[in-house]
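*Asks:* Encoded as structure tokens, here's the structure I'll be asking about.
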Amino acid sequence: MKCVFHARDGIEAHMLADLLGQVGIMAQVQGDMLQGAVGELPAAGLASVWVAESDESRAREVIADFEASQPADSPQRRPEMQRSFTRGLLLGMVIGVVVMLVLLR
């Protein structure tokens, strides 16, 4: 199995897996249930789409076509937004841990 896409969330991962299924490529979503472990915080980048090695190149073509069809202002077309969101999420988690450690003393 090969990972062909890292999704923002489980919904996006399942949407792309279904899109691949429509063109005859069996796809599996992994990591989508990890979002529940984070709780109410938005978790980005945990879900991914996997396909058989023999389907990897065709799956990447289908995903590239899908991404090209998205509007220019779509978050999928702006990876810098996802990076800044991820940095903010990590910073918030670190601050939360520090606050918890201070309160538990």
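By order of appearance in the structure tokens: chains A, B, ..., then residues from 1 within every chain, and ligands from 1 in the order shown.
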Tell me, as a PyMOL selection string, which residues lie within 7 Å of Ala27 in chain A, counting only C-alpha atoms; anything in the same chain fewer than 6 positions away does not count.

*Replies:* chain A and resi 17+20-21+49-51

*Asks:* For the residues selected in the previous step, produce a file with C-alpha atoms as a PDB file, in the first residue's frame.

*Replies:*
```pdb
ATOM      1  CA  ALA A  17     -11.277   7.699  -1.438  1.00  0.00           C
ATOM      2  CA  LEU A  20     -10.888   7.046  -6.500  1.00  0.00           C
ATOM      3  CA  GLY A  21     -13.464   4.279  -6.101  1.00  0.00           C
ATOM      4  CA  VAL A  49      -5.623   7.941   1.611  1.00  0.00           C
ATOM      5  CA  TRP A  50      -3.816   4.737   0.659  1.00  0.00           C
ATOM      6  CA  VAL A  51      -3.975   2.624  -2.505  1.00  0.00           C
TER       7      VAL A  51
END
```

*Asks:* Taking into account only C-alpha atoms, which residue in the set A:Val94, A:Val62, A:Met33, A:Leu103 is nearest to Ser48 in chain A?

*Replies:*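 Nearest candidate to Ser48 in chain A out of A:Val94, A:Val62, A:Met33, A:Leu103: A:Met33.
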
*Asks:* Kindly give the distance, in Å, that separates CA of Ala59 in chain A and CA of Gly24 in chain A, rounded to a single decimal.

*Replies:*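 Taking CA of Ala59 in chain A as the start and CA of Gly24 in chain A as the end point, the length is 9.8 Å.
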
*Asks:* So how many Å separate CA of Gly96 in chain A and CA of Ala13 in chain A, to one decimal?

*Replies:*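 Straight-line distance from CA of Gly96 in chain A to CA of Ala13 in chain A works out to 28.4 Å.
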
*Asks:* Calculated over only C-alpha atoms, which of the candidates A:Val23, A:Leu16, A:Lys2, A:Val98 has the smallest distance to Ile63 in chain A?

*Replies:*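 Of all the options, A:Leu16 lies closest to Ile63 in chain A.
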
*Asks:* Within 12 Å of Glu12 in chain A, counting only C-alpha atoms, which residues qualify if same-chain residues fewer than 4 places away don't, as a PyMOL selection string?

*Replies:* chain A and resi 5-8+16-19+29-30+32+44-49+63+66-67+75-76

*Asks:* I need the chosen residues saved as a JSON list (two decimals), in the first residue's frame, with N, CA, C and O atoms.

*Replies:*
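Final output, saved to again_9.json:
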```json
[["chain", "number", "residue", "atom", "x", "y", "z"],
["A", 5, "PHE", "N", -2.28, 10.61, -0.49],
["A", 5, "PHE", "CA", -2.84, 11.91, -0.12],
["A", 5, "PHE", "C", -2.93, 12.05, 1.39],
["A", 5, "PHE", "O", -3.39, 11.14, 2.08],
["A", 6, "HIS", "N", -2.48, 13.19, 1.90],
["A", 6, "HIS", "CA", -2.66, 13.54, 3.31],
["A", 6, "HIS", "C", -3.76, 14.58, 3.36],
["A", 6, "HIS", "O", -3.60, 15.69, 2.86],
["A", 7, "ALA", "N", -4.87, 14.22, 3.97],
["A", 7, "ALA", "CA", -6.06, 15.07, 3.99],
["A", 7, "ALA", "C", -6.05, 16.01, 5.20],
["A", 7, "ALA", "O", -5.40, 15.74, 6.20],
["A", 8, "ARG", "N", -6.81, 17.09, 5.06],
["A", 8, "ARG", "CA", -6.99, 18.01, 6.19],
["A", 8, "ARG", "C", -7.80, 17.36, 7.29],
["A", 8, "ARG", "O", -7.60, 17.61, 8.47],
["A", 16, "LEU", "N", -12.07, 11.82, -1.16],
["A", 16, "LEU", "CA", -11.11, 11.43, -2.19],
["A", 16, "LEU", "C", -11.07, 9.91, -2.38],
["A", 16, "LEU", "O", -10.91, 9.44, -3.50],
["A", 17, "ALA", "N", -11.23, 9.16, -1.30],
["A", 17, "ALA", "CA", -11.28, 7.70, -1.44],
["A", 17, "ALA", "C", -12.48, 7.28, -2.28],
["A", 17, "ALA", "O", -12.37, 6.39, -3.13],
["A", 18, "ASP", "N", -13.62, 7.95, -2.08],
["A", 18, "ASP", "CA", -14.80, 7.66, -2.89],
["A", 18, "ASP", "C", -14.58, 8.06, -4.34],
["A", 18, "ASP", "O", -15.01, 7.36, -5.26],
["A", 19, "LEU", "N", -13.92, 9.20, -4.56],
["A", 19, "LEU", "CA", -13.61, 9.64, -5.92],
["A", 19, "LEU", "C", -12.74, 8.61, -6.62],
["A", 19, "LEU", "O", -12.98, 8.25, -7.78],
["A", 29, "VAL", "N", -8.84, 4.65, 3.76],
["A", 29, "VAL", "CA", -8.54, 5.82, 4.58],
["A", 29, "VAL", "C", -7.95, 5.34, 5.90],
["A", 29, "VAL", "O", -8.48, 4.43, 6.53],
["A", 30, "GLN", "N", -6.86, 5.97, 6.30],
["A", 30, "GLN", "CA", -6.24, 5.63, 7.58],
["A", 30, "GLN", "C", -6.08, 6.91, 8.39],
["A", 30, "GLN", "O", -5.86, 7.99, 7.84],
["A", 32, "ASP", "N", -8.28, 8.53, 10.15],
["A", 32, "ASP", "CA", -9.44, 9.41, 10.30],
["A", 32, "ASP", "C", -10.06, 9.33, 11.69],
["A", 32, "ASP", "O", -10.62, 10.30, 12.18],
["A", 44, "ALA", "N", -5.73, 18.59, 12.12],
["A", 44, "ALA", "CA", -5.45, 18.62, 10.69],
["A", 44, "ALA", "C", -4.32, 17.65, 10.36],
["A", 44, "ALA", "O", -3.37, 17.50, 11.12],
["A", 45, "GLY", "N", -4.44, 17.02, 9.21],
["A", 45, "GLY", "CA", -3.36, 16.20, 8.70],
["A", 45, "GLY", "C", -3.24, 14.81, 9.28],
["A", 45, "GLY", "O", -2.22, 14.16, 9.08],
["A", 46, "LEU", "N", -4.23, 14.33, 9.99],
["A", 46, "LEU", "CA", -4.14, 12.99, 10.57],
["A", 46, "LEU", "C", -4.64, 11.91, 9.61],
["A", 46, "LEU", "O", -4.19, 10.78, 9.68],
["A", 47, "ALA", "N", -5.57, 12.26, 8.74],
["A", 47, "ALA", "CA", -6.17, 11.29, 7.83],
["A", 47, "ALA", "C", -5.38, 11.23, 6.52],
["A", 47, "ALA", "O", -4.89, 12.25, 6.04],
["A", 48, "SER", "N", -5.26, 10.04, 5.98],
["A", 48, "SER", "CA", -4.56, 9.87, 4.71],
["A", 48, "SER", "C", -5.28, 8.81, 3.87],
["A", 48, "SER", "O", -6.04, 8.00, 4.38],
["A", 49, "VAL", "N", -5.00, 8.87, 2.56],
["A", 49, "VAL", "CA", -5.62, 7.94, 1.61],
["A", 49, "VAL", "C", -4.53, 7.03, 1.06],
["A", 49, "VAL", "O", -3.49, 7.51, 0.60],
["A", 63, "ILE", "N", -6.12, 12.48, -8.25],
["A", 63, "ILE", "CA", -6.07, 13.49, -7.18],
["A", 63, "ILE", "C", -5.57, 14.82, -7.72],
["A", 63, "ILE", "O", -6.10, 15.88, -7.36],
["A", 66, "PHE", "N", -8.37, 16.46, -9.45],
["A", 66, "PHE", "CA", -9.32, 16.99, -8.47],
["A", 66, "PHE", "C", -8.81, 18.30, -7.89],
["A", 66, "PHE", "O", -9.54, 19.28, -7.81],
["A", 67, "GLU", "N", -7.54, 18.33, -7.48],
["A", 67, "GLU", "CA", -6.98, 19.55, -6.89],
["A", 67, "GLU", "C", -6.96, 20.69, -7.89],
["A", 67, "GLU", "O", -7.20, 21.84, -7.53],
["A", 75, "PRO", "N", -8.78, 26.38, 0.49],
["A", 75, "PRO", "CA", -7.68, 26.07, 1.40],
["A", 75, "PRO", "C", -6.78, 24.97, 0.87],
["A", 75, "PRO", "O", -5.61, 24.91, 1.20],
["A", 76, "GLN", "N", -7.31, 24.09, 0.02],
["A", 76, "GLN", "CA", -6.49, 23.04, -0.54],
["A", 76, "GLN", "C", -5.43, 23.61, -1.46],
["A", 76, "GLN", "O", -4.40, 23.01, -1.69]]
```

*Asks:* Expressed in Å to a single decimal, how great is the separation between CA of Ile11 in chain A and CA of Val97 in chain A?

*Replies:* 28.4 Å
